[in-house]
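Participant: Could you have a look at this structure, given as structure tokens, before my questions?
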Amino acid sequence: MNFDGWLLFEISLAGLGTGGLYALTALAFVMIYKATKVVNIAIGEMLMIGAYLFLAFTSTLMLPIWLAIPLSLLASALIGGLIERTLIRPMLGESPISSFMVTVGLSSILIGLVELIWTADQQRLPEFFPSKPILIGEAFVSPKIFYGFGIALLFIAVVLVTFRYWRGGVALRATASDQAAAYSVGINVPKVFSLAWMLAGAIAGVAGIVVGSIGGVSSAMGAFGLSVLVVVIFGGLDSVFGALVGGLLVGVIEALAGFYLGGEYKILATFGLLVLILMVRPYGLFGTHEIERL
Amino acid sequence: MTFQTSNPILEVQDLTLTFGGVKALNGVSFAVAPGSITSVIGPNGAGKTSVFNTISGFYKPASGVIRFDGEDLAGVAPPQRAAKGLARSFQNIALFRGMTVLDNIKLGRHCHLKTGPLGALFYSAAARREENELRQEIEERIIDFLEIDHIRKSPVSALSYGLQKRVELARALAMKPKILLLDEPVAGMNREETEDMARFILEVRREWGVTVLMVEHDMGMVMDLSDHVVVLNFGQVIADGVPATVQANPEVAKAYLGSGDIHSLRERFQQAAQVRRSA
């Protein structure tokens, strides 16, 4: 392979690294959408909360990393559950646009909270990834992105296995498929709603810690959620597979556009993709078509 | 006029259900004898499905008591009602689309599984035993019985309407029900499918000893199968008894057909308007 080939490979790898995190966060989004039919625009802010919780546990409380990670995930999950109980549950039965607007408000509240507690300044998370550069062939991959991708893959696998085999996961899929039927076979649907938000909170927390370790944390890091939104619209709001494929693809497209066209084209490329997909397949590549009931 | 039942398994007393100002159910009372097949019939909009939804806990009645197995069900959430042995099917099939027939039926047992998440994760001995018992019961009894062995691995969305209804019945049976609430089990079926379903309902009662309460429009089937028929009209019970007496009841014929005389038609419209006004 010539030099340009390796460069392309290297950039694509970096793109895949970000893409893995998009995919993981998109998974959290899809989980909420499937179970509760809420379009959660605050997913990026939930991710930010995870990162700041990690910052609090490590820098403020000086806990060791191995303890801080599970604690921040647990706390993120609890916050996810709290959001469901206090903001989403009362919206049950309201129109989808109303609960969507609630999540718009939620994102502002979360940003405000972060700025109140930690100020709006950018901060660094403690380093915990090995710093030795990774070489794949002649392509250089930043260790943070490499390990971040690994963590994303690991958690995606955990989530998929959980969905498939754990009873709670099965209950979640059943609820996503038909709420009345789920109720009638003895599935505690409200509990499943809470469970979905808690799992999504924890998953977003994982992504938040990794994203924060790569690029630092700030009250603006929820903007990561914008790309995730493109990912889920691209893959289909209710498609786990779509979230994974969409995440990786958007990551690579952003990286390529950023390198060959310049950094300012990154977002342009992402949203160009969004416009394209909305024109061609508005329900996403793998999403279910809405079926009109007569 | 009331059908006398000693020690009913399910007893509905003076049930009233309102939606906004409309009284969907108005003082409905009836009792279901254990081991019986009881049918609730009535013209469209009479409140049949409302009765079902109130019994399974989807709707909260404004007043009245539902007693199941001697226990008042007020304040018992639908999942707990399922665990107590109340299973139901739906008028518009409610299956888990995207899952296979077997997965759908297995989910019926959800309310009885004891294994926690950790046990399932490590596939503990207890979890394995539970899973094996479940498989045996479901595969050997329910699937064989309902003659759906050939489709167990198929996704439910690929099945015909009649088969989907049968899978729904299988899922309800997997819940080890004491009483089976069937909401229009043969609606939209052809003659052959209807006869199959009628046979299954009779055999469910014989083999499992399950009490059946159904809502159905197919008069032939209702009269053939039922031990006891309750007729609703405008949210009220207008007749209650064995099929023959109910059939002979002039009120019932009037509710279904009208009496053929213009005054009584006017009377019916006025009655309907009154129900709406009083509500």
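In the structure tokens, chains take the letters A, B, ... in the order shown, each chain's residues start at 1, and ligands count up from 1 in the order shown.
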Counting only C-alpha atoms, which residues of chain B come no farther than 9 Å from chain A, as a PyMOL selection string?
Facilitator: chain B and resi 56+58+77-83+86-90+93-99+104+107-112+115-118+120-121+171-172+175
Participant: Mind checking which residues fall within 10 Å of Val229 (chain B), counting only C-alpha atoms, ignoring those fewer than 5 positions away in the same chain, and posting them as a PyMOL selection string?
Facilitator: chain B and resi 3+30+32+37-41+213-215+222-223+239-247
Participant: What's the 9 Å shell around Ile83 (chain A), counting only C-alpha atoms, without same-chain residues fewer than 3 positions away, as a ChimeraX atom specification?
Facilitator: /A:78-80,86-89,106,194,197-198
Participant: To one decimal place, how far is CA of Asp121 (chain A) from CA of Ala26 (chain A) in Å?
Facilitator: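 Separation between CA of Asp121 (chain A) and CA of Ala26 (chain A): 26.5 Å.
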Participant: Give me, please, the distance in Å between CA of Asn40 (chain A) and CA of Thr103 (chain A), quoted to one decimal.
Facilitator: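 Separating CA of Asn40 (chain A) from CA of Thr103 (chain A) is a distance of 5.6 Å.
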Participant: Within 7 Å of Phe9 (chain A), counting only C-alpha atoms, which residues qualify if same-chain residues fewer than 4 places away don't, as a JSON list (two decimals) with C-alpha atoms, in the first residue's frame?
Facilitator:
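Final output, part_12.json:
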```
[["chain", "number", "residue", "atom", "x", "y", "z"],
["A", 5, "GLY", "CA", -3.47, 4.47, 1.36],
["A", 13, "LEU", "CA", -9.41, 4.24, 12.02],
["A", 139, "ALA", "CA", -0.97, 3.55, 10.57]]
```
Participant: List the spatial neighbours of Leu16 (chain A) as a VMD selection string - criterion: any atom at most 7 Å away, only C-alpha atoms, same-chain residues fewer than 2 positions off excluded.
Facilitator: chain A and resid 12 to 14 18 to 20 248 251 to 252
Participant: Please compute the CA of Gly112 (chain A)-CA of Thr60 (chain A) distance, one decimal, in Å.
Facilitator: 19.7 Å
Participant: Can you tell me, as a count of residues only, what residues are no more than 9 Å from Ser218 (chain A) when counting only C-alpha atoms, ignoring any on the same chain fewer than 6 positions away?
Facilitator: 12
Participant: How would you write, as a ChimeraX atom specification, the set of residues in region 56-166 of chain A that DSSP gives as strand (DSSP E or B)?
Facilitator: /A:123,134-136,139-141
Participant: Counting only C-alpha atoms, figure out which residue out of B:Arg277, B:Lys165, B:Lys254, B:Arg206 gets nearest to Asn92 (chain B).
Facilitator: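 Selected residue with least distance to Asn92 (chain B): B:Lys165.
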Participant: Do you know which residues are at most 8 Å from region 17-26 of chain B counting only C-alpha atoms, after dropping those on the same chain fewer than 6 positions away, and could you put them as a list in words?
Facilitator: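 Neighbouring residues, sequence-local ones excluded: Ala46, Gly47, Ser50, Val51, Lys60, Pro61, Ala62, Ser63, Phe234, Gly235, Gln236, Val275, Arg276 and Ala279 of chain B.
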Participant: Run DSSP on the backbone and grab whatever in region 211-271 of chain B lands in helix (DSSP H, G or I); send it over as a PyMOL selection string.
Facilitator: chain B and resi 219-225+243-248+250-257+262-271
Participant: Which residue is closest to Val12 (chain B)? Choose from B:Leu163, B:Leu73, B:Val101, B:Met189 and count only C-alpha atoms.
Facilitator: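 Checking each candidate against Val12 (chain B), we get B:Leu73 as the closest.
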